$ cat target.cif   # mmCIF, C-alpha atoms and all ligand atoms
data_query
loop_
_atom_site.label_atom_id
_atom_site.label_comp_id
_atom_site.auth_asym_id
_atom_site.auth_seq_id
_atom_site.Cartn_x
_atom_site.Cartn_y
_atom_site.Cartn_z
CA GLU M 187 106.88 -0.48 7.04
CA ASP M 188 106.46 3.26 6.52
CA ASP M 189 105.19 2.98 2.96
CA PRO M 190 101.72 4.39 2.48
CA PRO M 191 99.32 1.49 1.90
CA SER M 192 98.76 2.39 -1.75
CA THR M 193 102.36 1.71 -2.79
CA ARG M 194 102.77 -1.50 -0.85
CA GLU M 195 102.55 -4.23 -3.47
CA PRO M 196 99.01 -3.29 -4.49
CA VAL M 197 98.43 -6.54 -6.37
CA LYS M 198 98.36 -8.40 -3.05
CA GLN M 199 95.39 -6.41 -1.85
CA ARG M 200 93.20 -7.77 -4.58
CA LEU M 201 90.51 -10.15 -3.58
CA ALA M 202 87.74 -10.89 -5.98
CA SER M 203 84.86 -13.28 -6.02
CA LEU M 204 82.37 -14.99 -8.30
CA SER M 205 79.11 -16.10 -6.81
CA TYR M 206 77.35 -19.42 -7.23
CA PRO M 207 75.14 -19.93 -10.27
CA SER M 208 71.41 -20.50 -10.08
CA LEU M 209 70.50 -24.12 -10.70
CA SER M 210 66.83 -23.47 -11.25
CA SER M 211 66.89 -22.42 -14.87
CA SER M 212 68.99 -23.30 -17.88
CA PRO M 213 70.96 -20.51 -19.50
CA THR M 214 69.18 -19.05 -22.51
CA LYS M 215 72.28 -19.07 -24.67
CA ALA M 216 74.54 -21.85 -23.47
CA SER M 217 78.30 -21.52 -23.88
CA SER M 218 79.52 -24.05 -26.37
CA ILE M 219 82.37 -26.49 -26.01
CA GLN M 220 84.24 -27.81 -28.99
CA GLN M 221 84.92 -31.46 -29.70
CA PRO M 222 88.57 -31.85 -28.69
CA ASN M 223 91.44 -32.42 -31.11
CA GLN M 224 94.15 -34.77 -29.94
CA LEU M 225 97.64 -33.29 -30.13
CA LEU M 226 99.71 -36.19 -28.83
CA THR M 227 99.79 -39.06 -26.36
CA PHE M 228 102.34 -40.18 -23.80
CA SER M 229 102.85 -42.85 -21.15
CA TYR M 230 104.03 -43.10 -17.59
CA ASN M 231 106.09 -46.24 -17.02
CA THR M 232 106.15 -48.51 -13.96
CA GLU M 233 108.31 -45.92 -12.15
CA HIS M 234 105.88 -43.14 -13.18
CA ILE M 235 108.47 -41.64 -15.52
CA GLN M 236 107.02 -39.89 -18.55
CA GLU M 237 107.80 -41.46 -21.93
CA PHE M 238 106.71 -40.16 -25.30
CA ASN M 239 105.38 -43.47 -26.56
CA ASP M 240 102.26 -45.62 -26.19
CA SER M 241 103.80 -48.28 -23.95
CA ALA M 242 101.02 -47.80 -21.34
CA LEU M 243 98.19 -48.07 -23.87
CA ARG M 244 95.78 -50.89 -22.99
CA TYR M 245 93.16 -52.68 -25.09
CA PHE M 246 89.64 -53.31 -23.86
CA VAL M 247 88.60 -56.91 -23.16
CA GLU M 248 85.29 -58.11 -21.70
CA PRO M 249 85.66 -58.58 -17.94
CA PRO M 250 84.58 -61.95 -16.51
CA ARG M 251 81.18 -61.76 -14.77
CA GLY M 252 81.34 -62.34 -11.05
CA ALA M 253 85.01 -61.34 -11.00
CA ASP M 254 86.41 -60.57 -7.56
CA LEU M 255 87.64 -56.96 -7.59
CA GLY M 256 89.61 -57.59 -4.41
CA PHE M 257 91.86 -60.06 -6.28
CA HIS M 258 95.58 -59.51 -5.57
CA TYR M 259 94.85 -56.46 -3.43
CA GLU M 260 98.05 -57.16 -1.50
CA LYS M 261 100.10 -56.91 -4.70
CA TRP M 262 98.96 -53.37 -5.51
CA ILE M 263 101.85 -51.04 -6.22
CA LYS M 264 100.20 -47.81 -5.16
CA ARG M 265 101.52 -44.53 -6.40
CA PRO M 266 101.69 -42.09 -3.48
CA GLU M 267 99.39 -39.06 -3.58
CA GLU M 268 101.18 -36.10 -5.04
CA ARG M 269 100.65 -32.45 -5.93
CA GLY M 270 99.04 -31.96 -9.30
CA ARG M 271 102.06 -30.33 -10.91
CA LEU M 272 101.79 -29.39 -14.58
CA ASP M 273 105.33 -30.51 -15.47
CA ALA M 274 104.49 -33.58 -17.57
CA LEU M 275 101.73 -31.73 -19.42
CA LEU M 276 104.09 -28.83 -20.14
CA SER M 277 106.72 -31.27 -21.45
CA ALA M 278 104.10 -32.70 -23.79
CA TRP M 279 102.90 -29.25 -24.86
CA SER M 280 106.47 -28.08 -25.52
CA LYS M 281 107.15 -31.18 -27.55
CA PHE M 282 104.00 -30.61 -29.57
CA LYS M 283 104.89 -26.96 -30.21
CA LYS M 284 108.29 -27.94 -31.59
CA SER M 285 106.76 -30.31 -34.09
CA ALA M 286 103.75 -28.17 -35.08
CA VAL M 287 103.60 -26.05 -38.21
CA SER M 288 101.51 -23.38 -36.52
CA VAL M 289 100.50 -23.02 -32.90
CA PRO M 290 97.39 -21.01 -32.00
CA ASP M 291 97.23 -18.80 -28.92
CA ILE M 292 96.16 -20.92 -25.97
CA HIS M 293 94.25 -19.31 -23.13
CA VAL M 294 94.25 -22.13 -20.58
CA ILE M 295 96.57 -25.07 -19.87
CA SER M 296 95.51 -27.60 -17.26
CA TRP M 297 94.95 -31.25 -16.43
CA ARG M 298 91.56 -32.66 -17.35
CA GLY M 299 90.81 -33.38 -13.68
CA VAL M 300 90.98 -29.68 -12.88
CA MET M 301 88.69 -28.74 -15.77
CA THR M 302 86.22 -31.41 -14.63
CA LYS M 303 86.23 -29.99 -11.09
CA ILE M 304 85.56 -26.50 -12.45
CA LEU M 305 82.71 -27.59 -14.71
CA VAL M 306 80.84 -29.76 -12.18
CA ALA M 307 81.19 -27.18 -9.39
CA PRO M 308 77.57 -25.92 -9.69
CA TYR M 309 76.41 -29.35 -8.49
CA GLU M 310 79.16 -29.97 -5.95
CA GLU M 311 77.56 -30.05 -2.51
CA THR M 312 80.34 -30.99 -0.13
CA ASP M 313 83.90 -30.74 -1.41
CA SER M 314 85.71 -27.44 -1.68
CA TRP M 315 88.86 -27.12 -3.79
CA GLU M 316 91.70 -24.72 -4.42
CA LEU M 317 93.72 -23.97 -7.52
CA ASN M 318 97.01 -22.23 -8.11
CA VAL M 319 96.85 -19.99 -11.15
CA MET M 320 99.50 -18.11 -13.12
CA LEU M 321 98.99 -15.86 -16.11
CA VAL M 322 102.03 -15.76 -18.39
CA HIS M 323 101.95 -14.08 -21.81
CA GLY M 324 98.19 -14.41 -22.01
CA THR M 325 98.00 -18.07 -20.99
CA PHE M 326 96.47 -19.22 -17.72
CA TYR M 327 98.17 -22.16 -16.01
CA LEU M 328 95.87 -23.96 -13.59
CA GLU M 329 96.93 -26.63 -11.11
CA GLU M 330 95.12 -28.07 -8.10
CA HIS M 331 96.49 -26.71 -4.84
CA LEU M 332 96.89 -29.40 -2.21
CA SER M 333 98.08 -28.15 1.16
CA ASP M 334 100.37 -30.44 3.17
CA ALA M 335 97.40 -31.20 5.42
CA LYS M 336 95.12 -32.12 2.52
CA LEU M 337 97.81 -34.29 0.93
CA LYS M 338 98.27 -36.17 4.21
CA GLU M 339 94.52 -36.56 4.52
CA LYS M 340 94.31 -38.00 0.98
CA ASP M 341 97.11 -40.44 1.68
CA ALA M 342 95.69 -41.58 5.02
CA MET M 343 92.71 -43.45 3.60
CA THR M 344 90.76 -45.75 5.86
CA PRO M 345 91.38 -49.45 5.04
CA ARG M 346 87.80 -49.65 3.73
CA HIS M 347 88.24 -46.64 1.46
CA ARG M 348 91.59 -47.92 0.25
CA LEU M 349 90.03 -51.25 -0.70
CA GLN M 350 87.14 -49.54 -2.50
CA SER M 351 89.63 -47.47 -4.42
CA TYR M 352 91.45 -50.68 -5.35
CA TYR M 353 88.21 -52.16 -6.75
CA GLY M 354 88.30 -49.47 -9.45
CA TYR M 355 91.84 -50.41 -10.47
CA ALA M 356 91.13 -54.15 -10.33
CA PHE M 357 88.20 -53.56 -12.69
CA GLU M 358 90.66 -51.81 -15.03
CA SER M 359 92.93 -54.83 -14.87
CA TYR M 360 90.07 -57.23 -15.74
CA CYS M 361 88.98 -54.95 -18.60
CA THR M 362 92.34 -54.33 -20.21
CA SER M 363 95.26 -56.05 -21.82
CA THR M 364 98.59 -55.06 -23.32
CA GLU M 365 97.63 -57.27 -26.28
CA PRO M 366 94.49 -59.05 -27.48
CA ARG M 367 93.75 -61.98 -25.15
CA PRO M 368 90.77 -63.86 -23.73
CA SER M 369 89.13 -62.43 -20.63
CA GLY M 370 90.64 -62.77 -17.18
CA TRP M 371 92.96 -60.99 -14.81
CA GLY M 372 95.07 -58.51 -16.78
CA GLY M 373 98.04 -58.40 -14.43
CA ASP M 374 98.73 -56.95 -11.00
CA VAL M 375 97.91 -53.31 -10.43
CA ASN M 376 100.62 -50.67 -10.62
CA THR M 377 99.00 -47.25 -10.51
CA ASN M 378 102.26 -45.62 -11.63
CA VAL M 379 101.44 -46.77 -15.14
CA GLN M 380 99.13 -44.47 -17.11
CA TRP M 381 98.44 -43.69 -20.72
CA CYS M 382 97.57 -40.04 -21.40
CA SER M 383 96.11 -37.98 -24.19
CA VAL M 384 96.75 -34.27 -24.67
CA VAL M 385 94.03 -32.39 -26.53
CA LYS M 386 93.10 -28.90 -27.65
CA THR M 387 89.54 -27.74 -27.21
CA LYS M 388 87.56 -24.54 -26.84
CA LEU M 389 85.05 -23.38 -24.25
CA GLY M 390 83.23 -20.23 -25.36
CA ASP M 391 85.97 -18.10 -26.93
CA ARG M 392 88.88 -19.59 -25.02
CA ARG M 393 91.21 -22.24 -26.39
CA ILE M 394 92.25 -24.84 -23.84
CA VAL M 395 95.03 -27.43 -23.83
CA MET M 396 94.32 -30.30 -21.51
CA GLY M 397 95.87 -33.65 -20.63
CA GLY M 398 94.36 -36.68 -18.94
CA GLU M 399 94.45 -40.43 -18.59
CA VAL M 400 92.66 -42.69 -21.05
CA ASP M 401 91.89 -46.09 -19.54
CA CYS M 402 91.88 -48.15 -22.76
CA VAL M 403 90.85 -48.40 -26.41
CA ARG M 404 88.52 -50.78 -28.23
CA GLY M 405 89.99 -52.69 -31.16
CA ASP M 406 93.11 -51.46 -32.91
CA TYR M 407 94.55 -48.07 -32.09
CA SER M 408 95.27 -45.91 -35.11
CA GLY M 409 95.86 -42.59 -33.38
CA ARG M 410 92.18 -41.67 -33.36
CA THR M 411 90.11 -41.01 -30.24
CA ASP M 412 86.93 -42.70 -31.57
CA ASP M 413 87.60 -45.97 -29.77
CA TYR M 414 88.69 -44.61 -26.41
CA VAL M 415 87.01 -46.15 -23.39
CA GLU M 416 86.68 -44.83 -19.84
CA LEU M 417 86.24 -47.50 -17.15
CA LYS M 418 84.28 -46.93 -13.98
CA THR M 419 82.94 -48.99 -11.12
CA SER M 420 79.83 -48.29 -9.08
CA LEU M 421 77.72 -50.09 -6.50
CA SER M 422 74.90 -52.16 -8.02
CA ILE M 423 71.61 -50.29 -8.19
CA ARG M 424 68.92 -51.87 -5.98
CA ASN M 425 66.42 -49.07 -5.42
CA ALA M 426 65.41 -45.54 -6.43
CA SER M 427 67.84 -43.94 -4.02
CA ASP M 428 70.78 -45.93 -5.50
CA GLU M 429 69.61 -44.91 -8.95
CA ALA M 430 69.55 -41.22 -8.00
CA LYS M 431 73.07 -41.52 -6.58
CA PHE M 432 74.30 -43.14 -9.76
CA GLU M 433 72.71 -40.44 -11.93
CA LYS M 434 74.52 -37.85 -9.86
CA LYS M 435 77.82 -39.65 -10.48
CA LEU M 436 77.08 -39.64 -14.20
CA LEU M 437 77.69 -35.88 -14.24
CA LYS M 438 81.37 -36.39 -13.36
CA PHE M 439 81.67 -39.40 -15.66
CA TYR M 440 80.19 -37.31 -18.46
CA PHE M 441 82.48 -34.29 -18.25
CA GLN M 442 85.59 -36.30 -17.42
CA SER M 443 85.11 -38.29 -20.62
CA PHE M 444 83.67 -35.56 -22.81
CA LEU M 445 86.62 -33.23 -22.15
CA LEU M 446 89.10 -35.66 -23.72
CA GLY M 447 86.70 -36.82 -26.42
CA VAL M 448 86.27 -40.30 -24.91
CA PRO M 449 83.06 -41.58 -26.53
CA GLU M 450 82.31 -44.63 -24.37
CA ILE M 451 82.13 -45.30 -20.64
CA VAL M 452 82.03 -48.91 -19.45
CA VAL M 453 80.62 -49.18 -15.93
CA GLY M 454 81.20 -52.27 -13.82
CA PHE M 455 78.51 -52.62 -11.17
CA ARG M 456 79.67 -54.42 -8.06
CA LYS M 457 78.37 -55.73 -4.78
CA PRO M 458 79.63 -54.17 -1.54
CA SER M 459 81.83 -57.30 -1.31
CA GLY M 460 83.63 -56.29 -4.50
CA HIS M 461 82.12 -58.92 -6.80
CA LEU M 462 81.18 -57.77 -10.27
CA THR M 463 77.46 -58.17 -10.97
CA ALA M 464 76.89 -56.41 -14.30
CA VAL M 465 78.68 -54.39 -16.93
CA GLN M 466 77.00 -51.62 -18.90
CA SER M 467 78.33 -49.42 -21.65
CA PHE M 468 77.22 -45.79 -22.05
CA ARG M 469 77.73 -43.47 -25.01
CA THR M 470 79.18 -40.32 -23.46
CA VAL M 471 77.13 -37.90 -25.58
CA GLU M 472 73.88 -39.66 -24.67
CA ILE M 473 74.33 -39.34 -20.91
CA PRO M 474 72.71 -35.88 -20.50
CA ARG M 475 69.57 -37.22 -22.19
CA LEU M 476 69.44 -40.19 -19.78
CA VAL M 477 69.14 -37.91 -16.76
CA ARG M 478 66.96 -35.18 -18.30
CA GLY M 479 63.69 -34.61 -16.46
CA LYS M 480 64.68 -36.75 -13.45
CA PRO M 481 64.22 -35.28 -9.96
CA ASP M 482 67.32 -33.40 -8.73
CA THR M 483 68.96 -33.89 -12.07
CA TRP M 484 71.79 -31.94 -13.66
CA ASP M 485 72.03 -29.93 -16.84
CA PRO M 486 75.35 -29.77 -18.70
CA SER M 487 74.57 -26.32 -20.12
CA ILE M 488 74.60 -24.87 -16.58
CA CYS M 489 78.09 -26.34 -16.15
CA LEU M 490 79.36 -24.94 -19.45
CA GLU M 491 77.91 -21.51 -18.70
CA TRP M 492 79.54 -21.57 -15.28
CA GLY M 493 82.85 -22.78 -16.73
CA ASP M 494 82.80 -19.91 -19.21
CA ALA M 495 81.97 -17.44 -16.41
CA PHE M 496 84.76 -18.91 -14.30
CA LEU M 497 87.34 -18.32 -17.04
CA ALA M 498 85.97 -14.81 -17.66
CA PHE M 499 86.31 -14.18 -13.92
CA LEU M 500 89.98 -15.23 -14.06
CA GLN M 501 90.50 -12.95 -17.03
CA THR M 502 89.14 -9.89 -15.24
CA THR M 503 90.67 -10.72 -11.85
CA VAL M 504 94.15 -12.00 -12.56
CA GLN M 505 96.12 -9.01 -13.78
CA PRO M 506 99.21 -9.49 -15.90
CA GLY M 507 101.85 -8.27 -13.46
CA THR M 508 105.37 -9.61 -13.64
CA GLY M 509 103.91 -12.95 -14.71
CA ARG M 510 105.50 -14.58 -11.68
CA GLU M 511 102.55 -14.02 -9.35
CA VAL M 512 100.60 -17.05 -8.19
CA TRP M 513 96.91 -16.65 -7.50
CA ARG M 514 95.00 -18.94 -5.18
CA VAL M 515 91.50 -19.57 -6.44
CA SER M 516 89.22 -21.18 -3.86
CA PHE M 517 85.86 -22.81 -4.51
CA GLU M 518 83.32 -23.27 -1.74
CA PRO M 519 80.14 -25.26 -2.46
CA ARG M 520 77.00 -23.10 -2.44
CA VAL M 521 79.11 -19.96 -2.05
CA GLY M 522 81.29 -19.52 -5.10
CA VAL M 523 84.86 -18.70 -5.96
CA ARG M 524 87.38 -16.21 -4.65
CA ALA M 525 90.87 -15.35 -5.79
CA GLU M 526 93.85 -13.69 -4.19
CA VAL M 527 97.58 -13.47 -4.75
CA VAL M 528 99.64 -15.78 -2.54
CA ASP M 529 103.30 -16.12 -1.74
CA VAL M 530 104.90 -19.31 -2.91
CA ALA M 531 108.55 -20.04 -2.32
CA GLU M 532 110.57 -19.82 -5.52
CA GLY M 533 113.35 -22.32 -5.84
CA GLU M 534 116.16 -23.19 -8.19
CA ASP M 535 113.88 -25.27 -10.30
CA ARG M 536 110.55 -23.44 -10.23
CA VAL M 537 109.07 -20.00 -10.92
CA GLY M 538 105.74 -19.84 -9.16
CA ILE M 539 104.09 -23.13 -10.06
CA LEU M 540 105.95 -23.56 -13.36
CA PRO M 541 109.12 -25.59 -13.81
CA ARG M 542 112.01 -23.24 -14.48
CA TRP M 543 112.96 -24.90 -17.79
CA TYR M 544 109.47 -24.08 -19.08
CA TRP M 545 109.53 -20.52 -17.76
CA ASP M 546 112.94 -19.93 -19.34
CA GLY M 547 111.58 -21.24 -22.63
CA LEU M 548 108.77 -18.67 -22.52
CA ASN M 549 110.90 -15.69 -21.54
P1 LIG K 1 86.43 -46.03 -10.13
O1 LIG K 1 86.13 -44.65 -10.63
O2 LIG K 1 85.96 -47.11 -11.01
O3 LIG K 1 86.01 -46.22 -8.71
P2 LIG K 1 89.39 -43.12 -13.15
O4 LIG K 1 88.00 -43.64 -13.08
O5 LIG K 1 89.47 -41.65 -13.14
O6 LIG K 1 90.08 -43.78 -14.30
O7 LIG K 1 90.13 -43.59 -11.84
C1 LIG K 1 90.45 -44.94 -11.65
C2 LIG K 1 90.24 -45.36 -10.20
O8 LIG K 1 91.02 -44.55 -9.35
C3 LIG K 1 88.84 -45.17 -9.69
O9 LIG K 1 88.03 -46.19 -10.13
C4 LIG K 1 89.07 -45.19 -8.20
O10 LIG K 1 89.18 -46.49 -7.73
C5 LIG K 1 90.40 -44.50 -8.08
N1 LIG K 1 90.18 -43.12 -7.71
C6 LIG K 1 90.01 -42.07 -8.53
N2 LIG K 1 89.83 -40.93 -7.85
C7 LIG K 1 89.87 -41.27 -6.54
C8 LIG K 1 89.75 -40.55 -5.32
N3 LIG K 1 89.55 -39.23 -5.30
N4 LIG K 1 89.85 -41.24 -4.16
C9 LIG K 1 90.05 -42.56 -4.17
N5 LIG K 1 90.18 -43.29 -5.29
C10 LIG K 1 90.09 -42.67 -6.46
MG MG K 2 91.62 -43.71 -15.40
MG MG K 3 88.44 -44.92 -15.08
#
$ encode --input "target.cif" --output "structure tokens"
Amino acid sequence: EDDPPSTREPVKQRLASLSYPSLSSSPTKASSIQQPNQLLTFSYNTEHIQEFNDSALRYFVEPPRGADLGFHYEKWIKRPEERGRLDALLSAWSKFKKSAVSVPDIHVISWRGVMTKILVAPYEETDSWELNVMLVHGTFYLEEHLSDAKLKEKDAMTPRHRLQSYYGYAFESYCTSTEPRPSGWGGDVNTNVQWCSVVKTKLGDRRIVMGGEVDCVRGDYSGRTDDYVELKTSLSIRNASDEAKFEKKLLKFYFQSFLLGVPEIVVGFRKPSGHLTAVQSFRTVEIPRLVRGKPDTWDPSICLEWGDAFLAFLQTTVQPGTGREVWRVSFEPRVGVRAEVVDVAEGEDRVGILPRWYWDGLN
């Protein structure tokens, strides 16, 4: 208590911020993002246990028109909301490193969902988010921070919202199969089951390892990402306002898919009642051109520039201390980002946000 302020854990005093980008003009020299390279794939089984195989891979099949996306809603095995821990991604990364001839320095390791949130932030108008960040031996580890309150809030969906969420999974079931088959219901929904791809990419000068779910593949799977398909549902477009809403959603669809190198997005349009009205396929790389010049549109180069600035901000803000510090990075729409060191309880099995087995492997 008697310590002079300057010697009292100075790292905790740090609070830094990055302000919101301008949306009115495109950057003159846009930061580039590399086409991702796939490192490996893995599955989560029906109990959501990670397996290093392709048992959860699904093949695309044409969904039946008019299909009822509320079908077998009561049979849904819903995976509970959980914290976005990096454990499964770090298992995959460790496995890859063991088998690789040479491993480049990686600057960022994160789930694809987190990278998508970061990149689309310039156009996010309502939802704030928080990340936990650690810097260990030059690599940033980023996970979404969900407070107990936020986790509860996510789990306590209204019945209407829960059903709408189910429509997305039911569409996946109609569009996928464990083997080639004619169209129809693909089996009851168990959201524990997921097939994931882990890739290496580069934004500006920083190499990134990312993992995320791939909904299905077209044709035979030969280990290449060229035939990956992302599935989405959206309300049928009836007027200009619906169209504008859909074009806004395309920003998230675009980066979510682009980041893993998924070249095709199949959108199922549905009525409010959950019945499928139309299915349309989009080439991921062509999406920015579809929205260019529209009112209130988005520009991917603003997102990439911002993403690059965000990572540069982490680099200058997060100081390599003991490596065990956890930083909380908070994004507020229309304001920007701030970062500060937080206390997180260390346990037997975790150092900061990292599983202890992984930390021990690094140190
Ligand atoms: P739709 O996006 O078709 O509505 P993903 O598209 O990322 O593969 O996710 C599959 C489905 O998960 C989504 O289908 C949606 O139903 C559900 N989902 C994803 N994120 C959600 C969220 N934040 N809240 C509720 N449901 C969500
Ligand atoms: Mg998915
Ligand atoms: Mg999907």
$ closest_residue --input "target.cif" --among "M:Leu548, M:Leu243, M:Met320, M:Ile473" --to "ligand MG 2 (chain K)" --atoms "all atoms listed in the file"
M:Leu243
$ closest_residue --input "target.cif" --among "M:Gln442, M:Asn549, M:Ser333, M:Asn223" --to "ligand MG 2 (chain K)" --atoms "all atoms listed in the file"
M:Gln442
$ residues_near_point --input "target.cif" --point "(85.2, -61.7, -9.6)" --cutoff "10 Å" --atoms "all atoms listed in the file" --output "number ranges by chain"
M: 249-257, 356-357, 360, 370-371, 456, 459-463
$ residues_around --input "target.cif" --residues "M:Trp262" --least-positions-apart "3" --cutoff "9 Å" --atoms "only C-alpha atoms" --output "compact mmCIF listing (two decimals) with C-alpha atoms, in the coordinates of the input"
# COMPACT_ATOMS: atom_id res chain seq x y z
CA HIS M 258 95.58 -59.51 -5.57
CA TYR M 259 94.85 -56.46 -3.43
CA TYR M 352 91.45 -50.68 -5.35
CA ASP M 374 98.73 -56.95 -11.00
CA VAL M 375 97.91 -53.31 -10.43
CA ASN M 376 100.62 -50.67 -10.62
CA THR M 377 99.00 -47.25 -10.51
$ residues_near_ligand --input "target.cif" --ligand "ligand MG 3 (chain K)" --cutoff "7 Å" --atoms "only C-alpha atoms and all ligand atoms" --output "mmCIF file with C-alpha atoms, keeping the file's coordinate frame"
data_model
loop_
_atom_site.group_PDB
_atom_site.id
_atom_site.type_symbol
_atom_site.label_atom_id
_atom_site.label_comp_id
_atom_site.auth_asym_id
_atom_site.auth_seq_id
_atom_site.Cartn_x
_atom_site.Cartn_y
_atom_site.Cartn_z
ATOM 1 C CA ASP M 401 91.890 -46.090 -19.540
ATOM 2 C CA GLU M 416 86.680 -44.830 -19.840
ATOM 3 C CA LEU M 417 86.240 -47.500 -17.150
ATOM 4 C CA LYS M 418 84.280 -46.930 -13.980
#
$ closest_residue --input "target.cif" --among "M:Lys340, M:Arg244, M:Arg271, M:Arg510" --to "ligand LIG 1 (chain K)" --atoms "only C-alpha atoms and all ligand atoms"
M:Lys340
$ atom_distance --input "target.cif" --atom1 "atom CA of M:Ser314" --atom2 "atom MG of ligand MG 2 (chain K)"
22.1 Å
$ closest_residue --input "target.cif" --among "M:Phe455, M:Tyr414, M:Tyr309, M:Trp543" --to "M:Val521" --atoms "only C-alpha atoms"
M:Tyr309
$ atom_distance --input "target.cif" --atom1 "atom CA of M:Val452" --atom2 "atom CA of M:Leu437"
14.7 Å
$ residues_near_ligand --input "target.cif" --ligand "ligand LIG 1 (chain K)" --cutoff "10 Å" --atoms "all atoms listed in the file" --output "MDAnalysis selection string"
chainID M and resid 267 299 340:341 343 347:358 377 380 398:402 415:421 435 438:439 442:443 451:455
$ write_last_selection --input "target.cif" --atoms "C-alpha atoms" --output "JSON list (two decimals), keeping the file's coordinate frame"
[["chain", "number", "residue", "atom", "x", "y", "z"],
["M", 267, "GLU", "CA", 99.39, -39.06, -3.58],
["M", 299, "GLY", "CA", 90.81, -33.38, -13.68],
["M", 340, "LYS", "CA", 94.31, -38.00, 0.98],
["M", 341, "ASP", "CA", 97.11, -40.44, 1.68],
["M", 343, "MET", "CA", 92.71, -43.45, 3.60],
["M", 347, "HIS", "CA", 88.24, -46.64, 1.46],
["M", 348, "ARG", "CA", 91.59, -47.92, 0.25],
["M", 349, "LEU", "CA", 90.03, -51.25, -0.70],
["M", 350, "GLN", "CA", 87.14, -49.54, -2.50],
["M", 351, "SER", "CA", 89.63, -47.47, -4.42],
["M", 352, "TYR", "CA", 91.45, -50.68, -5.35],
["M", 353, "TYR", "CA", 88.21, -52.16, -6.75],
["M", 354, "GLY", "CA", 88.30, -49.47, -9.45],
["M", 355, "TYR", "CA", 91.84, -50.41, -10.47],
["M", 356, "ALA", "CA", 91.13, -54.15, -10.33],
["M", 357, "PHE", "CA", 88.20, -53.56, -12.69],
["M", 358, "GLU", "CA", 90.66, -51.81, -15.03],
["M", 377, "THR", "CA", 99.00, -47.25, -10.51],
["M", 380, "GLN", "CA", 99.13, -44.47, -17.11],
["M", 398, "GLY", "CA", 94.36, -36.68, -18.94],
["M", 399, "GLU", "CA", 94.45, -40.43, -18.59],
["M", 400, "VAL", "CA", 92.66, -42.69, -21.05],
["M", 401, "ASP", "CA", 91.89, -46.09, -19.54],
["M", 402, "CYS", "CA", 91.88, -48.15, -22.76],
["M", 415, "VAL", "CA", 87.01, -46.15, -23.39],
["M", 416, "GLU", "CA", 86.68, -44.83, -19.84],
["M", 417, "LEU", "CA", 86.24, -47.50, -17.15],
["M", 418, "LYS", "CA", 84.28, -46.93, -13.98],
["M", 419, "THR", "CA", 82.94, -48.99, -11.12],
["M", 420, "SER", "CA", 79.83, -48.29, -9.08],
["M", 421, "LEU", "CA", 77.72, -50.09, -6.50],
["M", 435, "LYS", "CA", 77.82, -39.65, -10.48],
["M", 438, "LYS", "CA", 81.37, -36.39, -13.36],
["M", 439, "PHE", "CA", 81.67, -39.40, -15.66],
["M", 442, "GLN", "CA", 85.59, -36.30, -17.42],
["M", 443, "SER", "CA", 85.11, -38.29, -20.62],
["M", 451, "ILE", "CA", 82.13, -45.30, -20.64],
["M", 452, "VAL", "CA", 82.03, -48.91, -19.45],
["M", 453, "VAL", "CA", 80.62, -49.18, -15.93],
["M", 454, "GLY", "CA", 81.20, -52.27, -13.82],
["M", 455, "PHE", "CA", 78.51, -52.62, -11.17]]
$ atom_distance --input "target.cif" --atom1 "atom MG of ligand MG 2 (chain K)" --atom2 "atom CA of M:Ala274"
16.5 Å
$ residues_around --input "target.cif" --residues "M:Val384" --least-positions-apart "4" --cutoff "12 Å" --atoms "all atoms listed in the file" --output "PyMOL selection string"
chain M and resi 222-229+238+274-282+295-298+394-400+411+445-447
$ write_last_selection --input "target.cif" --atoms "C-alpha atoms" --output "JSON list (two decimals), in the frame of the given file"
[["chain", "number", "residue", "atom", "x", "y", "z"],
["M", 222, "PRO", "CA", 88.57, -31.85, -28.69],
["M", 223, "ASN", "CA", 91.44, -32.42, -31.11],
["M", 224, "GLN", "CA", 94.15, -34.77, -29.94],
["M", 225, "LEU", "CA", 97.64, -33.29, -30.13],
["M", 226, "LEU", "CA", 99.71, -36.19, -28.83],
["M", 227, "THR", "CA", 99.79, -39.06, -26.36],
["M", 228, "PHE", "CA", 102.34, -40.18, -23.80],
["M", 229, "SER", "CA", 102.85, -42.85, -21.15],
["M", 238, "PHE", "CA", 106.71, -40.16, -25.30],
["M", 274, "ALA", "CA", 104.49, -33.58, -17.57],
["M", 275, "LEU", "CA", 101.73, -31.73, -19.42],
["M", 276, "LEU", "CA", 104.09, -28.83, -20.14],
["M", 277, "SER", "CA", 106.72, -31.27, -21.45],
["M", 278, "ALA", "CA", 104.10, -32.70, -23.79],
["M", 279, "TRP", "CA", 102.90, -29.25, -24.86],
["M", 280, "SER", "CA", 106.47, -28.08, -25.52],
["M", 281, "LYS", "CA", 107.15, -31.18, -27.55],
["M", 282, "PHE", "CA", 104.00, -30.61, -29.57],
["M", 295, "ILE", "CA", 96.57, -25.07, -19.87],
["M", 296, "SER", "CA", 95.51, -27.60, -17.26],
["M", 297, "TRP", "CA", 94.95, -31.25, -16.43],
["M", 298, "ARG", "CA", 91.56, -32.66, -17.35],
["M", 394, "ILE", "CA", 92.25, -24.84, -23.84],
["M", 395, "VAL", "CA", 95.03, -27.43, -23.83],
["M", 396, "MET", "CA", 94.32, -30.30, -21.51],
["M", 397, "GLY", "CA", 95.87, -33.65, -20.63],
["M", 398, "GLY", "CA", 94.36, -36.68, -18.94],
["M", 399, "GLU", "CA", 94.45, -40.43, -18.59],
["M", 400, "VAL", "CA", 92.66, -42.69, -21.05],
["M", 411, "THR", "CA", 90.11, -41.01, -30.24],
["M", 445, "LEU", "CA", 86.62, -33.23, -22.15],
["M", 446, "LEU", "CA", 89.10, -35.66, -23.72],
["M", 447, "GLY", "CA", 86.70, -36.82, -26.42]]
